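Notes follow once the structure below has been shown.
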Amino acid sequence: MALDGDIDRILFTEEQISKRVSELASLISDDFAATADSPSPPVVIGVATGAFLFLADLVRKVKVPLYVDFIRAESYGCGTKSNGAPRISLALKVDVQDKHVIVVEDIVDTGNTLASLISLLKSKGASSISVCTLLDKPARRKVDFQLVGEGKFYCGFECPDHFVVGYGLDFAELYRNLPYVGVLKPEIYK
Ligand code: IMP
């Protein structure tokens, strides 16, 4: 099975991603500089599995102390369309009560996952909720999400309305290990 052979075209190269991740990390470092001496560092929460590479690369470049935790969210199963009701398992190890939270996502598509996640984290008492997503597909938004408190929205790249894989993003749990983001050939999932 050839990984690259299933890709129609590359949208964001490894180099472009690396440069953008550095820029995002620098923005986050500046915005959270004031928390560097605080007794409660921000909590970076990665949405597994898709955000695992992005989160790993991002936090290595952020210059303030932070907690890292993961939650699991799934709305696609083995298809390419969100079923609108994400399954979220919020088994956090870090208590987010009165802490600044930065949710790290691979892609915001309909917005369902983020809206559910933000309301769950808000109910756990987070003092602010920011979102850092590698990709945003605004053309497919169905649900608006509200950041909490002083929360900010950080976005790597705006993504055209295609099904993309690589750099953590999957189709049926495959292609996550591609170092770039590319458009999957439609014949693979049709
Ligand atoms: P939403 O709830 O519709 O915003 O979907 C968010 C989740 O759907 C993301 O975290 C991804 O796991 C998945 N997703 C959305 N678009 C794509 C895509 O183009 N490729 C791979 N996964 C995607």
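Following the order of the structure tokens, first chain is A, next is B, and so on, with residues numbered from 1 inside each chain and ligands from 1 in the order they appear.
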Please identify all protein, DNA and RNA residues within 7 Å of ligand 1, counting only C-alpha atoms and all ligand atoms, and report them as a PyMOL selection string. chain A and resi 50+74-76+80+82+84+86+105-114+162-165+169-171
Strand (DSSP E or B) per DSSP on the backbone: members of chain A, as a ChimeraX atom specification: /A:7-12,43-48,67-74,87-89,100-108,128-136,148,153-158,164-166,169,171,174,181-184
So that I can check the surroundings of segment 140-149 of chain A, please list as an mmCIF file with all heavy atoms, in the first residue's frame every protein, DNA and RNA residue that reaches within 8 Å of it, counting only C-alpha atoms and ignoring chain neighbours fewer than 3 positions away.
```cif
data_model
loop_
_atom_site.group_PDB
_atom_site.id
_atom_site.type_symbol
_atom_site.label_atom_id
_atom_site.label_comp_id
_atom_site.auth_asym_id
_atom_site.auth_seq_id
_atom_site.Cartn_x
_atom_site.Cartn_y
_atom_site.Cartn_z
ATOM 1 N N ASP A 109 -14.175 21.820 11.287
ATOM 2 C CA ASP A 109 -14.967 21.561 10.093
ATOM 3 C C ASP A 109 -16.384 22.123 10.341
ATOM 4 O O ASP A 109 -16.589 23.324 10.219
ATOM 5 C CB ASP A 109 -14.940 20.040 9.877
ATOM 6 C CG ASP A 109 -15.571 19.581 8.587
ATOM 7 O OD1 ASP A 109 -15.355 20.202 7.555
ATOM 8 O OD2 ASP A 109 -16.290 18.569 8.613
ATOM 9 N N THR A 110 -17.341 21.307 10.759
ATOM 10 C CA THR A 110 -18.680 21.838 11.044
ATOM 11 C C THR A 110 -18.687 22.705 12.310
ATOM 12 O O THR A 110 -19.582 23.523 12.490
ATOM 13 C CB THR A 110 -19.692 20.692 11.262
ATOM 14 O OG1 THR A 110 -19.282 19.934 12.403
ATOM 15 C CG2 THR A 110 -19.785 19.798 10.042
ATOM 16 N N GLY A 111 -17.723 22.475 13.205
ATOM 17 C CA GLY A 111 -17.685 23.196 14.476
ATOM 18 C C GLY A 111 -18.363 22.436 15.604
ATOM 19 O O GLY A 111 -18.305 22.850 16.763
ATOM 20 N N ASN A 112 -18.985 21.290 15.285
ATOM 21 C CA ASN A 112 -19.694 20.503 16.309
ATOM 22 C C ASN A 112 -18.779 20.069 17.446
ATOM 23 O O ASN A 112 -19.132 20.181 18.621
ATOM 24 C CB ASN A 112 -20.294 19.239 15.678
ATOM 25 C CG ASN A 112 -21.672 19.480 15.121
ATOM 26 O OD1 ASN A 112 -22.531 20.001 15.823
ATOM 27 N ND2 ASN A 112 -21.878 19.140 13.865
ATOM 28 N N LEU A 114 -15.873 21.255 18.469
ATOM 29 C CA LEU A 114 -15.390 22.355 19.309
ATOM 30 C C LEU A 114 -16.487 22.911 20.203
ATOM 31 O O LEU A 114 -16.247 23.179 21.385
ATOM 32 C CB LEU A 114 -14.880 23.491 18.431
ATOM 33 C CG LEU A 114 -13.378 23.603 18.287
ATOM 34 C CD1 LEU A 114 -13.033 24.902 17.607
ATOM 35 C CD2 LEU A 114 -12.676 23.514 19.630
ATOM 36 N N ALA A 115 -17.686 23.075 19.645
ATOM 37 C CA ALA A 115 -18.782 23.625 20.436
ATOM 38 C C ALA A 115 -19.064 22.720 21.641
ATOM 39 O O ALA A 115 -19.203 23.193 22.775
ATOM 40 C CB ALA A 115 -20.027 23.788 19.574
ATOM 41 N N ILE A 118 -15.993 22.901 24.140
ATOM 42 C CA ILE A 118 -15.915 24.153 24.883
ATOM 43 C C ILE A 118 -16.963 24.179 25.985
ATOM 44 O O ILE A 118 -16.676 24.565 27.115
ATOM 45 C CB ILE A 118 -16.049 25.368 23.926
ATOM 46 C CG1 ILE A 118 -14.787 25.485 23.067
ATOM 47 C CG2 ILE A 118 -16.283 26.658 24.700
ATOM 48 C CD1 ILE A 118 -14.823 26.544 21.987
ATOM 49 N N LYS A 122 -16.025 24.459 29.845
ATOM 50 C CA LYS A 122 -16.575 25.598 30.588
ATOM 51 C C LYS A 122 -17.260 25.091 31.855
ATOM 52 O O LYS A 122 -17.110 25.654 32.936
ATOM 53 C CB LYS A 122 -17.577 26.321 29.683
ATOM 54 C CG LYS A 122 -17.880 27.724 30.102
ATOM 55 C CD LYS A 122 -18.767 28.381 29.059
ATOM 56 C CE LYS A 122 -19.359 29.657 29.610
ATOM 57 N NZ LYS A 122 -20.355 30.220 28.706
ATOM 58 N N SER A 127 -11.038 29.118 33.321
ATOM 59 C CA SER A 127 -11.231 30.570 33.407
ATOM 60 C C SER A 127 -11.193 31.223 32.033
ATOM 61 O O SER A 127 -11.791 32.271 31.826
ATOM 62 C CB SER A 127 -10.222 31.209 34.349
ATOM 63 O OG SER A 127 -8.930 30.934 33.927
ATOM 64 N N SER A 128 -10.464 30.632 31.097
ATOM 65 C CA SER A 128 -10.555 31.081 29.710
ATOM 66 C C SER A 128 -10.346 29.865 28.819
ATOM 67 O O SER A 128 -9.682 28.903 29.216
ATOM 68 C CB SER A 128 -9.515 32.171 29.394
ATOM 69 O OG SER A 128 -8.238 31.603 29.210
ATOM 70 N N ILE A 129 -10.927 29.921 27.628
ATOM 71 C CA ILE A 129 -10.726 28.819 26.675
ATOM 72 C C ILE A 129 -10.336 29.413 25.331
ATOM 73 O O ILE A 129 -11.094 30.173 24.719
ATOM 74 C CB ILE A 129 -11.981 27.930 26.532
ATOM 75 C CG1 ILE A 129 -12.403 27.376 27.901
ATOM 76 C CG2 ILE A 129 -11.711 26.790 25.544
ATOM 77 C CD1 ILE A 129 -13.633 26.479 27.876
ATOM 78 N N SER A 130 -9.102 29.080 24.885
ATOM 79 C CA SER A 130 -8.614 29.460 23.566
ATOM 80 C C SER A 130 -8.619 28.208 22.700
ATOM 81 O O SER A 130 -8.667 27.082 23.214
ATOM 82 C CB SER A 130 -7.170 29.984 23.652
ATOM 83 O OG SER A 130 -7.096 31.129 24.454
ATOM 84 N N VAL A 131 -8.544 28.423 21.396
ATOM 85 C CA VAL A 131 -8.482 27.293 20.470
ATOM 86 C C VAL A 131 -7.316 27.520 19.524
ATOM 87 O O VAL A 131 -7.139 28.631 19.009
ATOM 88 C CB VAL A 131 -9.793 27.187 19.662
ATOM 89 C CG1 VAL A 131 -9.656 26.165 18.534
ATOM 90 C CG2 VAL A 131 -10.963 26.819 20.571
ATOM 91 N N LYS A 137 -11.777 24.963 8.137
ATOM 92 C CA LYS A 137 -12.566 24.875 6.898
ATOM 93 C C LYS A 137 -13.838 25.696 7.091
ATOM 94 O O LYS A 137 -14.911 25.133 7.345
ATOM 95 C CB LYS A 137 -13.002 23.418 6.686
ATOM 96 C CG LYS A 137 -12.160 22.587 5.763
ATOM 97 C CD LYS A 137 -12.910 21.268 5.511
ATOM 98 C CE LYS A 137 -12.008 20.158 5.063
ATOM 99 N NZ LYS A 137 -12.665 18.844 5.096
ATOM 100 N N LYS A 152 -8.541 33.158 22.841
ATOM 101 C CA LYS A 152 -8.239 33.593 21.467
ATOM 102 C C LYS A 152 -8.340 32.421 20.509
ATOM 103 O O LYS A 152 -8.231 31.263 20.932
ATOM 104 C CB LYS A 152 -6.816 34.138 21.403
ATOM 105 C CG LYS A 152 -6.657 35.407 22.205
ATOM 106 C CD LYS A 152 -5.419 36.146 21.778
ATOM 107 C CE LYS A 152 -5.387 37.484 22.495
ATOM 108 N NZ LYS A 152 -4.172 38.205 22.297
ATOM 109 N N PHE A 153 -8.475 32.741 19.233
ATOM 110 C CA PHE A 153 -8.530 31.710 18.191
ATOM 111 C C PHE A 153 -7.248 31.794 17.369
ATOM 112 O O PHE A 153 -6.961 32.824 16.767
ATOM 113 C CB PHE A 153 -9.751 31.943 17.301
ATOM 114 C CG PHE A 153 -9.973 30.865 16.285
ATOM 115 C CD1 PHE A 153 -10.314 29.573 16.664
ATOM 116 C CD2 PHE A 153 -9.832 31.137 14.929
ATOM 117 C CE1 PHE A 153 -10.523 28.571 15.721
ATOM 118 C CE2 PHE A 153 -10.046 30.138 13.973
ATOM 119 C CZ PHE A 153 -10.386 28.854 14.377
ATOM 120 N N ASP A 161 -12.422 23.340 0.824
ATOM 121 C CA ASP A 161 -13.399 22.307 1.154
ATOM 122 C C ASP A 161 -13.105 20.986 0.432
ATOM 123 O O ASP A 161 -13.818 20.603 -0.496
ATOM 124 C CB ASP A 161 -14.808 22.827 0.822
ATOM 125 C CG ASP A 161 -15.878 21.869 1.318
ATOM 126 O OD1 ASP A 161 -15.533 20.909 2.023
ATOM 127 O OD2 ASP A 161 -17.059 22.090 0.985
#
```
* Any idea what's packed within 7 Å of segment 33-47 of chain A, counting only C-alpha atoms, ignoring anything in its chain fewer than 6 positions away? Could you give it as a ChimeraX atom specification? -> /A:55,64-73,99-105
For the residues selected in the previous step, produce a file with N, CA and C atoms as a PDB file, in the first residue's frame.
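This went into out-v8.pdb:
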```
ATOM      1  N   LEU A  55       0.227  19.030  18.178  1.00  0.00           N
ATOM      2  CA  LEU A  55       0.452  19.397  19.581  1.00  0.00           C
ATOM      3  C   LEU A  55       1.915  19.179  19.963  1.00  0.00           C
ATOM      4  N   VAL A  64       6.544  29.151  27.495  1.00  0.00           N
ATOM      5  CA  VAL A  64       6.062  29.326  28.873  1.00  0.00           C
ATOM      6  C   VAL A  64       5.717  27.949  29.451  1.00  0.00           C
ATOM      7  N   PRO A  65       5.749  27.819  30.785  1.00  0.00           N
ATOM      8  CA  PRO A  65       5.369  26.533  31.374  1.00  0.00           C
ATOM      9  C   PRO A  65       3.914  26.209  31.044  1.00  0.00           C
ATOM     10  N   LEU A  66       3.630  24.945  30.841  1.00  0.00           N
ATOM     11  CA  LEU A  66       2.236  24.559  30.555  1.00  0.00           C
ATOM     12  C   LEU A  66       2.003  23.097  30.916  1.00  0.00           C
ATOM     13  N   TYR A  67       0.748  22.790  31.161  1.00  0.00           N
ATOM     14  CA  TYR A  67       0.342  21.398  31.328  1.00  0.00           C
ATOM     15  C   TYR A  67      -0.086  20.863  29.963  1.00  0.00           C
ATOM     16  N   VAL A  68       0.059  19.551  29.765  1.00  0.00           N
ATOM     17  CA  VAL A  68      -0.437  18.923  28.529  1.00  0.00           C
ATOM     18  C   VAL A  68      -1.376  17.787  28.913  1.00  0.00           C
ATOM     19  N   ASP A  69      -2.504  17.746  28.271  1.00  0.00           N
ATOM     20  CA  ASP A  69      -3.441  16.642  28.498  1.00  0.00           C
ATOM     21  C   ASP A  69      -4.130  16.333  27.158  1.00  0.00           C
ATOM     22  N   PHE A  70      -4.817  15.219  27.101  1.00  0.00           N
ATOM     23  CA  PHE A  70      -5.534  14.844  25.872  1.00  0.00           C
ATOM     24  C   PHE A  70      -6.968  14.465  26.185  1.00  0.00           C
ATOM     25  N   ILE A  71      -7.831  14.755  25.256  1.00  0.00           N
ATOM     26  CA  ILE A  71      -9.165  14.172  25.301  1.00  0.00           C
ATOM     27  C   ILE A  71      -9.363  13.478  23.959  1.00  0.00           C
ATOM     28  N   ARG A  72     -10.371  12.646  23.919  1.00  0.00           N
ATOM     29  CA  ARG A  72     -10.631  11.919  22.670  1.00  0.00           C
ATOM     30  C   ARG A  72     -11.998  12.340  22.140  1.00  0.00           C
ATOM     31  N   ALA A  73     -12.035  12.700  20.876  1.00  0.00           N
ATOM     32  CA  ALA A  73     -13.322  13.065  20.265  1.00  0.00           C
ATOM     33  C   ALA A  73     -13.414  12.372  18.921  1.00  0.00           C
ATOM     34  N   LYS A  99      -8.292  27.587  35.415  1.00  0.00           N
ATOM     35  CA  LYS A  99      -7.070  27.645  34.594  1.00  0.00           C
ATOM     36  C   LYS A  99      -7.401  28.115  33.176  1.00  0.00           C
ATOM     37  N   HIS A 100      -6.370  28.660  32.525  1.00  0.00           N
ATOM     38  CA  HIS A 100      -6.501  29.010  31.111  1.00  0.00           C
ATOM     39  C   HIS A 100      -6.303  27.741  30.297  1.00  0.00           C
ATOM     40  N   VAL A 101      -7.244  27.483  29.395  1.00  0.00           N
ATOM     41  CA  VAL A 101      -7.173  26.257  28.587  1.00  0.00           C
ATOM     42  C   VAL A 101      -6.930  26.638  27.129  1.00  0.00           C
ATOM     43  N   ILE A 102      -6.047  25.895  26.469  1.00  0.00           N
ATOM     44  CA  ILE A 102      -5.855  26.053  25.019  1.00  0.00           C
ATOM     45  C   ILE A 102      -6.177  24.696  24.386  1.00  0.00           C
ATOM     46  N   VAL A 103      -7.288  24.645  23.663  1.00  0.00           N
ATOM     47  CA  VAL A 103      -7.668  23.399  22.988  1.00  0.00           C
ATOM     48  C   VAL A 103      -6.906  23.332  21.665  1.00  0.00           C
ATOM     49  N   VAL A 104      -6.201  22.224  21.435  1.00  0.00           N
ATOM     50  CA  VAL A 104      -5.440  22.073  20.192  1.00  0.00           C
ATOM     51  C   VAL A 104      -6.143  21.040  19.314  1.00  0.00           C
ATOM     52  N   GLU A 105      -6.584  21.506  18.148  1.00  0.00           N
ATOM     53  CA  GLU A 105      -7.361  20.679  17.202  1.00  0.00           C
ATOM     54  C   GLU A 105      -6.577  20.499  15.909  1.00  0.00           C
TER      55      GLU A 105
END
```
List every residue of segment 13-175 of chain A that DSSP, applied to the backbone of this structure, assigns to alpha helix (DSSP H), and report them as a PyMOL selection string. chain A and resi 14-31+52-61+112-123
Filtering to N, CA, C and O atoms, could you give me those residues as a compact mmCIF listing (two decimals), in the first residue's frame?
```
# COMPACT_ATOMS: atom_id res chain seq x y z
N GLU A 14 5.66 20.02 4.48
CA GLU A 14 6.29 19.88 5.79
C GLU A 14 6.94 21.21 6.20
O GLU A 14 6.85 21.63 7.35
N GLU A 15 7.59 21.86 5.27
CA GLU A 15 8.29 23.12 5.56
C GLU A 15 7.30 24.23 5.91
O GLU A 15 7.52 24.99 6.86
N GLN A 16 6.21 24.31 5.13
CA GLN A 16 5.20 25.35 5.42
C GLN A 16 4.58 25.12 6.80
O GLN A 16 4.36 26.06 7.56
N ILE A 17 4.32 23.85 7.12
CA ILE A 17 3.71 23.54 8.42
C ILE A 17 4.67 23.92 9.55
O ILE A 17 4.29 24.57 10.52
N SER A 18 5.93 23.54 9.39
CA SER A 18 6.91 23.81 10.44
C SER A 18 7.03 25.32 10.70
O SER A 18 7.07 25.77 11.85
N LYS A 19 7.06 26.09 9.63
CA LYS A 19 7.19 27.55 9.76
C LYS A 19 5.94 28.12 10.47
O LYS A 19 6.05 28.94 11.37
N ARG A 20 4.78 27.65 10.07
CA ARG A 20 3.53 28.18 10.66
C ARG A 20 3.40 27.76 12.14
O ARG A 20 2.94 28.54 12.96
N VAL A 21 3.84 26.53 12.44
CA VAL A 21 3.78 26.08 13.84
C VAL A 21 4.67 26.97 14.71
O VAL A 21 4.29 27.36 15.82
N SER A 22 5.83 27.35 14.20
CA SER A 22 6.73 28.25 14.94
C SER A 22 6.05 29.60 15.17
O SER A 22 6.14 30.18 16.26
N GLU A 23 5.35 30.09 14.14
CA GLU A 23 4.67 31.39 14.29
C GLU A 23 3.56 31.31 15.34
O GLU A 23 3.42 32.19 16.18
N LEU A 24 2.80 30.21 15.30
CA LEU A 24 1.71 30.06 16.28
C LEU A 24 2.28 29.94 17.70
O LEU A 24 1.75 30.54 18.64
N ALA A 25 3.36 29.19 17.84
CA ALA A 25 3.98 29.00 19.16
C ALA A 25 4.48 30.34 19.70
O ALA A 25 4.38 30.62 20.90
N SER A 26 4.99 31.17 18.80
CA SER A 26 5.49 32.46 19.23
C SER A 26 4.33 33.37 19.67
O SER A 26 4.42 34.06 20.69
N LEU A 27 3.21 33.33 18.94
CA LEU A 27 2.03 34.11 19.35
C LEU A 27 1.54 33.65 20.73
O LEU A 27 1.26 34.46 21.61
N ILE A 28 1.46 32.33 20.90
CA ILE A 28 0.97 31.79 22.18
C ILE A 28 1.94 32.15 23.31
O ILE A 28 1.53 32.55 24.40
N SER A 29 3.24 32.05 23.04
CA SER A 29 4.23 32.41 24.07
C SER A 29 4.05 33.86 24.50
O SER A 29 4.11 34.18 25.69
N ASP A 30 3.82 34.75 23.52
CA ASP A 30 3.63 36.17 23.86
C ASP A 30 2.32 36.37 24.62
O ASP A 30 2.30 37.05 25.64
N ASP A 31 1.25 35.77 24.12
CA ASP A 31 -0.06 35.98 24.75
C ASP A 31 -0.13 35.41 26.17
O ASP A 31 -0.89 35.91 26.99
N PHE A 52 -2.28 14.93 17.50
CA PHE A 52 -1.10 14.48 18.25
C PHE A 52 0.22 15.05 17.71
O PHE A 52 1.09 15.46 18.48
N LEU A 53 0.38 15.11 16.39
CA LEU A 53 1.65 15.63 15.84
C LEU A 53 1.73 17.14 16.00
O LEU A 53 2.76 17.69 16.39
N PHE A 54 0.62 17.79 15.69
CA PHE A 54 0.58 19.25 15.79
C PHE A 54 0.88 19.68 17.21
O PHE A 54 1.69 20.58 17.45
N LEU A 55 0.23 19.03 18.18
CA LEU A 55 0.45 19.40 19.58
C LEU A 55 1.91 19.18 19.96
O LEU A 55 2.54 20.03 20.60
N ALA A 56 2.46 18.04 19.55
CA ALA A 56 3.85 17.73 19.93
C ALA A 56 4.82 18.77 19.37
O ALA A 56 5.74 19.22 20.06
N ASP A 57 4.61 19.17 18.12
CA ASP A 57 5.49 20.16 17.51
C ASP A 57 5.28 21.55 18.12
O ASP A 57 6.23 22.29 18.35
N LEU A 58 4.01 21.87 18.39
CA LEU A 58 3.67 23.19 18.92
C LEU A 58 4.25 23.41 20.32
O LEU A 58 4.94 24.40 20.57
N VAL A 59 3.98 22.48 21.23
CA VAL A 59 4.38 22.75 22.62
C VAL A 59 5.90 22.80 22.79
O VAL A 59 6.41 23.49 23.66
N ARG A 60 6.62 22.10 21.89
CA ARG A 60 8.08 22.16 21.97
C ARG A 60 8.62 23.55 21.67
O ARG A 60 9.74 23.87 22.00
N LYS A 61 7.78 24.36 20.99
CA LYS A 61 8.23 25.70 20.61
C LYS A 61 7.62 26.80 21.47
O LYS A 61 7.93 27.96 21.28
N ASN A 112 -18.99 21.29 15.29
CA ASN A 112 -19.69 20.50 16.31
C ASN A 112 -18.78 20.07 17.45
O ASN A 112 -19.13 20.18 18.62
N THR A 113 -17.61 19.54 17.09
CA THR A 113 -16.70 19.01 18.12
C THR A 113 -16.27 20.13 19.06
O THR A 113 -16.33 19.99 20.29
N LEU A 114 -15.87 21.26 18.47
CA LEU A 114 -15.39 22.36 19.31
C LEU A 114 -16.49 22.91 20.20
O LEU A 114 -16.25 23.18 21.39
N ALA A 115 -17.69 23.07 19.64
CA ALA A 115 -18.78 23.62 20.44
C ALA A 115 -19.06 22.72 21.64
O ALA A 115 -19.20 23.19 22.78
N SER A 116 -19.07 21.39 21.42
CA SER A 116 -19.33 20.46 22.53
C SER A 116 -18.20 20.50 23.55
O SER A 116 -18.43 20.53 24.76
N LEU A 117 -16.99 20.52 23.02
CA LEU A 117 -15.82 20.51 23.91
C LEU A 117 -15.75 21.75 24.77
O LEU A 117 -15.48 21.68 25.98
N ILE A 118 -15.99 22.90 24.14
CA ILE A 118 -15.91 24.15 24.88
C ILE A 118 -16.96 24.18 25.98
O ILE A 118 -16.68 24.56 27.12
N SER A 119 -18.17 23.68 25.67
CA SER A 119 -19.18 23.74 26.74
C SER A 119 -18.82 22.77 27.87
O SER A 119 -19.05 23.07 29.04
N LEU A 120 -18.22 21.63 27.54
CA LEU A 120 -17.78 20.71 28.60
C LEU A 120 -16.69 21.33 29.47
O LEU A 120 -16.72 21.25 30.70
N LEU A 121 -15.71 21.95 28.82
CA LEU A 121 -14.59 22.53 29.56
C LEU A 121 -15.04 23.73 30.39
O LEU A 121 -14.54 23.98 31.49
N LYS A 122 -16.03 24.46 29.84
CA LYS A 122 -16.58 25.60 30.59
C LYS A 122 -17.26 25.09 31.85
O LYS A 122 -17.11 25.65 32.94
N SER A 123 -17.98 23.98 31.71
CA SER A 123 -18.68 23.43 32.89
C SER A 123 -17.70 22.92 33.94
O SER A 123 -18.05 22.75 35.10
```
